[in-house]
Structures are given as C-alpha cells and as structure tokens.
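Quick look at start21.cif (mmCIF, C-alpha atoms, pLDDT in the B column; chains and numbers go by the auth columns):
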data_input
#
loop_
_atom_site.group_PDB
_atom_site.id
_atom_site.type_symbol
_atom_site.label_atom_id
_atom_site.label_comp_id
_atom_site.label_asym_id
_atom_site.label_seq_id
_atom_site.Cartn_x
_atom_site.Cartn_y
_atom_site.Cartn_z
_atom_site.B_iso_or_equiv
_atom_site.auth_seq_id
_atom_site.auth_asym_id
ATOM 1 C CA MET A 1 209.635 -66.049 16.552 73.00 1434 X
ATOM 2 C CA PRO A 2 208.199 -63.037 18.411 86.00 1435 X
ATOM 3 C CA HIS A 3 204.684 -61.915 17.656 95.00 1436 X
ATOM 4 C CA THR A 4 203.660 -58.400 16.719 98.00 1437 X
ATOM 5 C CA ILE A 5 201.117 -57.412 19.372 98.00 1438 X
ATOM 6 C CA LYS A 6 198.885 -54.376 19.649 98.00 1439 X
ATOM 7 C CA LEU A 7 196.574 -54.104 22.667 98.00 1440 X
ATOM 8 C CA SER A 8 193.747 -51.572 22.303 97.00 1441 X
ATOM 9 C CA TYR A 9 191.702 -50.239 25.205 97.00 1442 X
ATOM 10 C CA PHE A 10 190.522 -47.018 26.799 95.00 1443 X
ATOM 11 C CA ASN A 11 193.091 -44.823 28.539 95.00 1444 X
ATOM 12 C CA ILE A 12 192.292 -46.433 31.896 93.00 1445 X
ATOM 13 C CA ARG A 13 193.468 -49.556 33.724 91.00 1446 X
ATOM 14 C CA GLY A 14 190.245 -51.604 33.598 89.00 1447 X
ATOM 15 C CA ARG A 15 190.021 -54.951 31.816 91.00 1448 X
ATOM 16 C CA ALA A 16 193.237 -54.471 29.860 95.00 1449 X
ATOM 17 C CA GLU A 17 195.509 -53.776 32.823 94.00 1450 X
ATOM 18 C CA PRO A 18 196.204 -57.413 33.805 92.00 1451 X
ATOM 19 C CA THR A 19 197.194 -58.101 30.181 95.00 1452 X
ATOM 20 C CA ARG A 20 199.443 -55.046 30.050 96.00 1453 X
ATOM 21 C CA LEU A 21 201.123 -56.085 33.291 93.00 1454 X
ATOM 22 C CA ALA A 22 201.588 -59.705 32.194 93.00 1455 X
ATOM 23 C CA LEU A 23 203.195 -58.623 28.934 97.00 1456 X
ATOM 24 C CA MET A 24 205.447 -56.156 30.753 96.00 1457 X
ATOM 25 C CA MET A 25 206.430 -58.722 33.387 92.00 1458 X
ATOM 26 C CA GLY A 26 207.320 -61.174 30.631 94.00 1459 X
ATOM 27 C CA GLY A 27 209.372 -58.624 28.735 96.00 1460 X
ATOM 28 C CA ILE A 28 207.066 -58.990 25.740 97.00 1461 X
ATOM 29 C CA ASP A 29 207.139 -56.082 23.302 97.00 1462 X
ATOM 30 C CA PHE A 30 203.688 -54.751 22.453 98.00 1463 X
ATOM 31 C CA GLU A 31 201.971 -51.590 21.323 98.00 1464 X
ATOM 32 C CA ASP A 32 199.767 -50.224 24.107 98.00 1465 X
ATOM 33 C CA HIS A 33 197.098 -48.377 22.134 97.00 1466 X
ATOM 34 C CA ARG A 34 195.030 -46.285 24.554 96.00 1467 X
ATOM 35 C CA PHE A 35 192.072 -44.441 23.116 91.00 1468 X
ATOM 36 C CA GLN A 36 192.210 -40.689 23.072 84.00 1469 X
ATOM 37 C CA SER A 37 189.112 -38.590 23.637 72.00 1470 X
ATOM 38 C CA GLY A 38 186.553 -39.197 20.937 91.00 1471 X
ATOM 39 C CA GLU A 39 188.330 -42.134 19.302 92.00 1472 X
ATOM 40 C CA TRP A 40 186.041 -44.900 20.626 93.00 1473 X
ATOM 41 C CA PRO A 41 182.998 -44.240 18.382 95.00 1474 X
ATOM 42 C CA THR A 42 185.202 -44.620 15.313 95.00 1475 X
ATOM 43 C CA PHE A 43 187.061 -47.668 16.618 94.00 1476 X
ATOM 44 C CA LYS A 44 184.059 -49.573 18.049 95.00 1477 X
ATOM 45 C CA PRO A 45 182.657 -50.782 14.693 96.00 1478 X
ATOM 46 C CA THR A 46 186.029 -52.345 13.833 95.00 1479 X
ATOM 47 C CA THR A 47 185.955 -54.637 16.893 96.00 1480 X
ATOM 48 C CA PRO A 48 184.561 -58.168 16.664 96.00 1481 X
ATOM 49 C CA TYR A 49 181.916 -57.674 19.380 96.00 1482 X
ATOM 50 C CA GLY A 50 181.709 -53.900 19.712 95.00 1483 X
ATOM 51 C CA SER A 51 183.767 -53.967 22.888 94.00 1484 X
ATOM 52 C CA VAL A 52 187.333 -53.740 24.115 96.00 1485 X
ATOM 53 C CA PRO A 53 189.943 -54.796 24.910 97.00 1486 X
ATOM 54 C CA VAL A 54 191.016 -56.186 21.586 98.00 1487 X
ATOM 55 C CA MET A 55 194.421 -57.448 20.631 98.00 1488 X
ATOM 56 C CA ALA A 56 195.946 -57.675 17.196 98.00 1489 X
ATOM 57 C CA VAL A 57 198.392 -60.577 17.018 98.00 1490 X
ATOM 58 C CA ASP A 58 200.402 -60.641 13.828 97.00 1491 X
ATOM 59 C CA GLY A 59 197.665 -58.547 12.210 96.00 1492 X
ATOM 60 C CA GLN A 60 194.764 -60.772 13.329 97.00 1493 X
ATOM 61 C CA THR A 61 192.309 -59.156 15.759 97.00 1494 X
ATOM 62 C CA VAL A 62 191.087 -61.159 18.721 97.00 1495 X
ATOM 63 C CA ALA A 63 188.693 -60.128 21.490 97.00 1496 X
ATOM 64 C CA GLN A 64 187.495 -61.077 24.956 95.00 1497 X
ATOM 65 C CA SER A 65 189.522 -59.845 27.905 93.00 1498 X
ATOM 66 C CA ASN A 66 190.007 -63.262 29.556 92.00 1499 X
ATOM 67 C CA ALA A 67 191.193 -64.908 26.330 95.00 1500 X
ATOM 68 C CA ILE A 68 193.592 -62.034 25.720 97.00 1501 X
ATOM 69 C CA GLN A 69 194.821 -62.190 29.292 94.00 1502 X
ATOM 70 C CA ARG A 70 195.387 -65.952 29.116 94.00 1503 X
ATOM 71 C CA PHE A 71 197.381 -65.489 25.918 96.00 1504 X
ATOM 72 C CA ALA A 72 199.534 -62.822 27.590 96.00 1505 X
ATOM 73 C CA GLY A 73 200.007 -65.133 30.561 93.00 1506 X
ATOM 74 C CA LYS A 74 201.163 -67.952 28.309 94.00 1507 X
ATOM 75 C CA LEU A 75 203.590 -65.714 26.418 96.00 1508 X
ATOM 76 C CA SER A 76 204.976 -64.339 29.681 93.00 1509 X
ATOM 77 C CA GLY A 77 205.368 -67.667 31.472 91.00 1510 X
ATOM 78 C CA LEU A 78 202.601 -66.710 33.916 89.00 1511 X
ATOM 79 C CA TYR A 79 200.204 -69.478 32.927 88.00 1512 X
ATOM 80 C CA PRO A 80 200.546 -73.024 34.244 86.00 1513 X
ATOM 81 C CA THR A 81 201.579 -75.722 31.797 86.00 1514 X
ATOM 82 C CA ASP A 82 199.890 -78.385 33.958 85.00 1515 X
ATOM 83 C CA PRO A 83 196.266 -78.685 32.746 89.00 1516 X
ATOM 84 C CA VAL A 84 194.804 -79.080 36.241 83.00 1517 X
ATOM 85 C CA GLN A 85 196.660 -76.053 37.584 81.00 1518 X
ATOM 86 C CA ALA A 86 195.546 -74.121 34.487 85.00 1519 X
ATOM 87 C CA LEU A 87 191.959 -75.164 35.243 85.00 1520 X
ATOM 88 C CA TYR A 88 192.237 -73.699 38.761 82.00 1521 X
ATOM 89 C CA VAL A 89 193.726 -70.469 37.423 83.00 1522 X
ATOM 90 C CA ASP A 90 190.917 -70.243 34.857 87.00 1523 X
ATOM 91 C CA GLU A 91 188.315 -70.823 37.574 85.00 1524 X
ATOM 92 C CA ILE A 92 189.671 -67.895 39.559 83.00 1525 X
ATOM 93 C CA LEU A 93 189.907 -65.657 36.508 86.00 1526 X
ATOM 94 C CA ASP A 94 186.338 -66.414 35.458 88.00 1527 X
ATOM 95 C CA THR A 95 185.072 -65.903 39.029 86.00 1528 X
ATOM 96 C CA LEU A 96 186.678 -62.454 39.061 84.00 1529 X
ATOM 97 C CA GLN A 97 184.882 -61.760 35.772 86.00 1530 X
ATOM 98 C CA ASP A 98 181.588 -62.669 37.482 88.00 1531 X
ATOM 99 C CA VAL A 99 182.372 -60.277 40.347 85.00 1532 X
ATOM 100 C CA THR A 100 183.029 -57.487 37.853 84.00 1533 X
ATOM 101 C CA ALA A 101 179.754 -58.252 36.065 87.00 1534 X
ATOM 102 C CA ALA A 102 177.864 -58.108 39.375 86.00 1535 X
ATOM 103 C CA LEU A 103 179.384 -54.738 40.248 83.00 1536 X
ATOM 104 C CA PHE A 104 178.528 -53.198 36.891 84.00 1537 X
ATOM 105 C CA ARG A 105 175.287 -55.017 36.103 83.00 1538 X
ATOM 106 C CA TYR A 106 173.352 -51.745 35.910 79.00 1539 X
ATOM 107 C CA ARG A 107 174.800 -48.800 33.995 82.00 1540 X
ATOM 108 C CA GLY A 108 171.786 -46.552 33.619 86.00 1541 X
ATOM 109 C CA ASP A 109 171.056 -43.081 34.964 89.00 1542 X
ATOM 110 C CA ASP A 110 168.619 -44.114 37.705 92.00 1543 X
ATOM 111 C CA LYS A 111 170.572 -43.359 40.894 92.00 1544 X
ATOM 112 C CA ASP A 112 168.216 -45.344 43.145 94.00 1545 X
ATOM 113 C CA ARG A 113 168.457 -48.429 40.974 92.00 1546 X
ATOM 114 C CA LEU A 114 172.245 -48.062 40.780 90.00 1547 X
ATOM 115 C CA ARG A 115 172.391 -47.904 44.591 91.00 1548 X
ATOM 116 C CA GLN A 116 170.134 -50.982 44.894 92.00 1549 X
ATOM 117 C CA GLU A 117 172.220 -52.969 42.420 90.00 1550 X
ATOM 118 C CA ARG A 118 175.472 -52.004 44.143 89.00 1551 X
ATOM 119 C CA GLU A 119 174.019 -52.918 47.557 91.00 1552 X
ATOM 120 C CA LYS A 120 172.985 -56.310 46.183 92.00 1553 X
ATOM 121 C CA ALA A 121 176.466 -56.840 44.796 88.00 1554 X
ATOM 122 C CA VAL A 122 178.103 -55.889 48.096 88.00 1555 X
ATOM 123 C CA LYS A 123 175.704 -57.832 50.320 91.00 1556 X
ATOM 124 C CA GLU A 124 175.073 -60.920 48.177 91.00 1557 X
ATOM 125 C CA ASP A 125 177.241 -61.384 45.121 89.00 1558 X
ATOM 126 C CA ILE A 126 180.704 -60.436 46.333 86.00 1559 X
ATOM 127 C CA PRO A 127 180.471 -62.424 49.610 88.00 1560 X
ATOM 128 C CA ARG A 128 179.218 -65.450 47.639 88.00 1561 X
ATOM 129 C CA TYR A 129 182.101 -65.316 45.166 85.00 1562 X
ATOM 130 C CA TRP A 130 184.783 -64.475 47.729 80.00 1563 X
ATOM 131 C CA GLY A 131 183.435 -67.180 50.022 80.00 1564 X
ATOM 132 C CA ALA A 132 183.573 -69.719 47.210 78.00 1565 X
ATOM 133 C CA LEU A 133 187.135 -68.738 46.354 75.00 1566 X
ATOM 134 C CA ASP A 134 188.062 -69.091 49.992 70.00 1567 X
ATOM 135 C CA SER A 135 186.133 -72.213 51.032 61.00 1568 X
ATOM 136 C CA ALA A 136 185.981 -74.174 47.768 55.00 1569 X
ATOM 137 C CA SER A 137 189.620 -73.226 47.559 55.00 1570 X
ATOM 138 C CA PRO A 138 190.604 -72.947 43.960 53.00 1571 X
ATOM 139 C CA CYS A 139 193.248 -70.621 45.365 53.00 1572 X
ATOM 140 C CA SER A 140 194.522 -73.211 47.826 58.00 1573 X
ATOM 141 C CA ARG A 141 194.437 -76.004 45.210 56.00 1574 X
ATOM 142 C CA CYS A 142 196.450 -73.940 42.807 54.00 1575 X
ATOM 143 C CA SER A 143 200.170 -73.541 43.294 50.00 1576 X
ATOM 144 C CA TYR A 144 200.141 -70.599 40.875 48.00 1577 X
ATOM 145 C CA ALA A 145 197.239 -68.290 41.678 53.00 1578 X
ATOM 146 C CA VAL A 146 197.601 -66.083 44.714 45.00 1579 X
ATOM 147 C CA GLY A 147 200.253 -68.370 46.193 50.00 1580 X
ATOM 148 C CA GLY A 148 202.603 -68.132 43.235 57.00 1581 X
ATOM 149 C CA SER A 149 202.710 -66.170 40.040 60.00 1582 X
ATOM 150 C CA SER A 150 200.046 -66.338 37.389 61.00 1583 X
ATOM 151 C CA HIS A 151 198.288 -63.937 35.113 54.00 1584 X
ATOM 152 C CA CYS A 152 195.091 -64.279 37.138 56.00 1585 X
ATOM 153 C CA ASP A 153 196.839 -62.786 40.183 58.00 1586 X
ATOM 154 C CA LEU A 154 197.077 -59.610 38.140 55.00 1587 X
ATOM 155 C CA SER A 155 193.279 -59.544 37.811 59.00 1588 X
ATOM 156 C CA PHE A 156 193.036 -58.590 41.467 54.00 1589 X
ATOM 157 C CA LEU A 157 194.668 -55.290 40.451 50.00 1590 X
ATOM 158 C CA ARG A 158 191.879 -54.199 38.049 52.00 1591 X
#

Mind converting the file's structure to structure tokens?
Amino acid sequence: MPHTIKLSYFNIRGRAEPTRLALMMGGIDFEDHRFQSGEWPTFKPTTPYGSVPVMAVDGQTVAQSNAIQRFAGKLSGLYPTDPVQALYVDEILDTLQDVTAALFRYRGDDKDRLRQEREKAVKEDIPRYWGALDSASPCSRCSYAVGGSSHCDLSFLR
C-alpha cells in the first residue's frame, strides 16, 4: 500500500534534495512542500527539533535528513538490502554529513571568523574526510555507493 508523503523544506536544494531526487527516481508520489517567504517562523515550532527537512508519512511527522533520505532510498529501491552494503552506504552518508557540518560550523556575522573556519574546513576537514573515503574505501567496498546506485550517491549533489 502506498504511503502518503509530504516533504517540507526551504525553497532550495540543500539537505532535502537527495530525498526529493530519490523519491522522483523511484516514481514515488509525494508532496514537495517548499517554504515561501516568511513561512519558516510559523512552521519551525511544529517541527520535532526546530529544524528541517521534515517528512510526514501517513500523517506522522519524522525528522533528521539522513533518516528521511534512507527511508526514501528504501522506498525507491536505492538502498541495499544486504546489511553490510547498507553499512557502507550509511558510512558514506554520515561522512558527507560531517563534511557539511565542517563547512557550516560557524554561521555568525564575524567575517574574519567565517573565513578562518572555512579555511580550516578546506585545509583540514575536507581533505581528512575525502582521504578517508578514498583510502579507507567505504566507496570501494560498497557495490552500491558511487559505483552503483544508492541514495547516498545523491548526497554528492547537495
């Protein structure tokens, strides 16, 4: 039985885009609710953690972009059924989440601090994560991610 799905996020690609793409690739019907100007302050208090994306599945709201993306991957046939392959896909997905966190660790108005944080991310964090993905090889161990089709491949498009 098909689920009724509503994905809510800002009117940008961001953290919801891999989920949107996975659902579209799988031919899964869903409502793509993109916030209009000024809607976020009213919507924010209705979310479980005060953040988006959120997804309503059969009327039940769930949060956390990776959990939502994994669900979309499973519905769309883009998530491995083999537990070990799923573990590798999850490792890649969570590593990409760490890269995103490093890039946006500082969100204040201090331009010098923003520059310093971005330089640290570019010089230290990103090479460390990319190097680990390359040398520790979750990508090469996984027949789905990057070498096949999985929902985590879509995360590279954020």

I need the residue set behind the PyMOL selection byres ((chain X and resi 1493) around 12) for this file; please write it as an mmCIF file with C-alpha atoms, keeping the file's coordinate frame.
data_model
loop_
_atom_site.group_PDB
_atom_site.id
_atom_site.type_symbol
_atom_site.label_atom_id
_atom_site.label_comp_id
_atom_site.auth_asym_id
_atom_site.auth_seq_id
_atom_site.Cartn_x
_atom_site.Cartn_y
_atom_site.Cartn_z
ATOM 1 C CA HIS X 1436 204.684 -61.915 17.656
ATOM 2 C CA THR X 1437 203.660 -58.400 16.719
ATOM 3 C CA ILE X 1438 201.117 -57.412 19.372
ATOM 4 C CA LYS X 1439 198.885 -54.376 19.649
ATOM 5 C CA LEU X 1440 196.574 -54.104 22.667
ATOM 6 C CA THR X 1480 185.955 -54.637 16.893
ATOM 7 C CA PRO X 1481 184.561 -58.168 16.664
ATOM 8 C CA VAL X 1487 191.016 -56.186 21.586
ATOM 9 C CA MET X 1488 194.421 -57.448 20.631
ATOM 10 C CA ALA X 1489 195.946 -57.675 17.196
ATOM 11 C CA VAL X 1490 198.392 -60.577 17.018
ATOM 12 C CA ASP X 1491 200.402 -60.641 13.828
ATOM 13 C CA GLY X 1492 197.665 -58.547 12.210
ATOM 14 C CA THR X 1494 192.309 -59.156 15.759
ATOM 15 C CA VAL X 1495 191.087 -61.159 18.721
ATOM 16 C CA ALA X 1496 188.693 -60.128 21.490
#

Nearest to Tyr1521 in chain X among X:Leu1566, X:Leu1547, X:Val1555, X:Leu1508, with distances taken over all atoms listed in the file: which residue is it? X:Leu1566

Which polymer residues have any atom within 12 Å of an atom of Glu1552 in chain X, counting all atoms listed in the file, with same-chain residues fewer than 5 positions away left out, as JSON, numbers by chain? {"X": [1535, 1536, 1537, 1538, 1539, 1545, 1546, 1547, 1557, 1558, 1559, 1560]}

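CA of Lys1507 in chain X lies 23.6 Å from CA of Val1532 in chain X.
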
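In this model, the gap between CA of Leu1456 in chain X and CA of Gln1502 in chain X comes to 9.1 Å.
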
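With CA of Ser1441 in chain X on one side and CA of His1466 in chain X on the other, the separation reads 4.6 Å.
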
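Take the candidates X:Val1522, X:Pro1435, X:Gln1469, X:Ala1534 and check each one against Arg1448 in chain X using only C-alpha atoms; the shortest distance goes to X:Ala1534.
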
Using only C-alpha atoms, which of the listed residues (X:Pro1486, X:Pro1451, X:Ile1445, X:Phe1504) sits closest to Ser1470 in chain X? X:Ile1445

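This file, queried with the PyMOL selection byres ((chain X and resi 1453) around 9), gives the residues Leu1440, Arg1446, Ala1449, Glu1450, Pro1451, Thr1452, Leu1454, Ala1455, Leu1456, Met1457, Met1458, Phe1463, Asp1465, Gln1502 and Ala1505 of chain X.
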
Residues just named, written with C-alpha atoms as a PDB file, keeping the file's coordinate frame:
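What follows is the written file result-v2.pdb:
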ATOM      1  CA  LEU X1440     196.574 -54.104  22.667  1.00 98.00           C
ATOM      2  CA  ARG X1446     193.468 -49.556  33.724  1.00 91.00           C
ATOM      3  CA  ALA X1449     193.237 -54.471  29.860  1.00 95.00           C
ATOM      4  CA  GLU X1450     195.509 -53.776  32.823  1.00 94.00           C
ATOM      5  CA  PRO X1451     196.204 -57.413  33.805  1.00 92.00           C
ATOM      6  CA  THR X1452     197.194 -58.101  30.181  1.00 95.00           C
ATOM      7  CA  LEU X1454     201.123 -56.085  33.291  1.00 93.00           C
ATOM      8  CA  ALA X1455     201.588 -59.705  32.194  1.00 93.00           C
ATOM      9  CA  LEU X1456     203.195 -58.623  28.934  1.00 97.00           C
ATOM     10  CA  MET X1457     205.447 -56.156  30.753  1.00 96.00           C
ATOM     11  CA  MET X1458     206.430 -58.722  33.387  1.00 92.00           C
ATOM     12  CA  PHE X1463     203.688 -54.751  22.453  1.00 98.00           C
ATOM     13  CA  ASP X1465     199.767 -50.224  24.107  1.00 98.00           C
ATOM     14  CA  GLN X1502     194.821 -62.190  29.292  1.00 94.00           C
ATOM     15  CA  ALA X1505     199.534 -62.822  27.590  1.00 96.00           C
TER      16      ALA X1505
END

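Minimum distance to Gln1530 in chain X across X:Lys1544, X:Gly1447, X:Gly1471, X:Leu1511 (counting all atoms listed in the file) occurs at X:Gly1447.
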
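Compared by their closest atoms to Thr1528 in chain X, and using all atoms listed in the file, the residues X:Asp1567, X:Glu1472, X:Asp1543, X:Glu1550 rank with X:Asp1567 nearest.
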
Measuring atom to atom with all atoms listed in the file, identify which of X:Val1485, X:Ile1461, X:Ala1519, X:Ile1501 is nearest to Phe1443 in chain X. X:Val1485
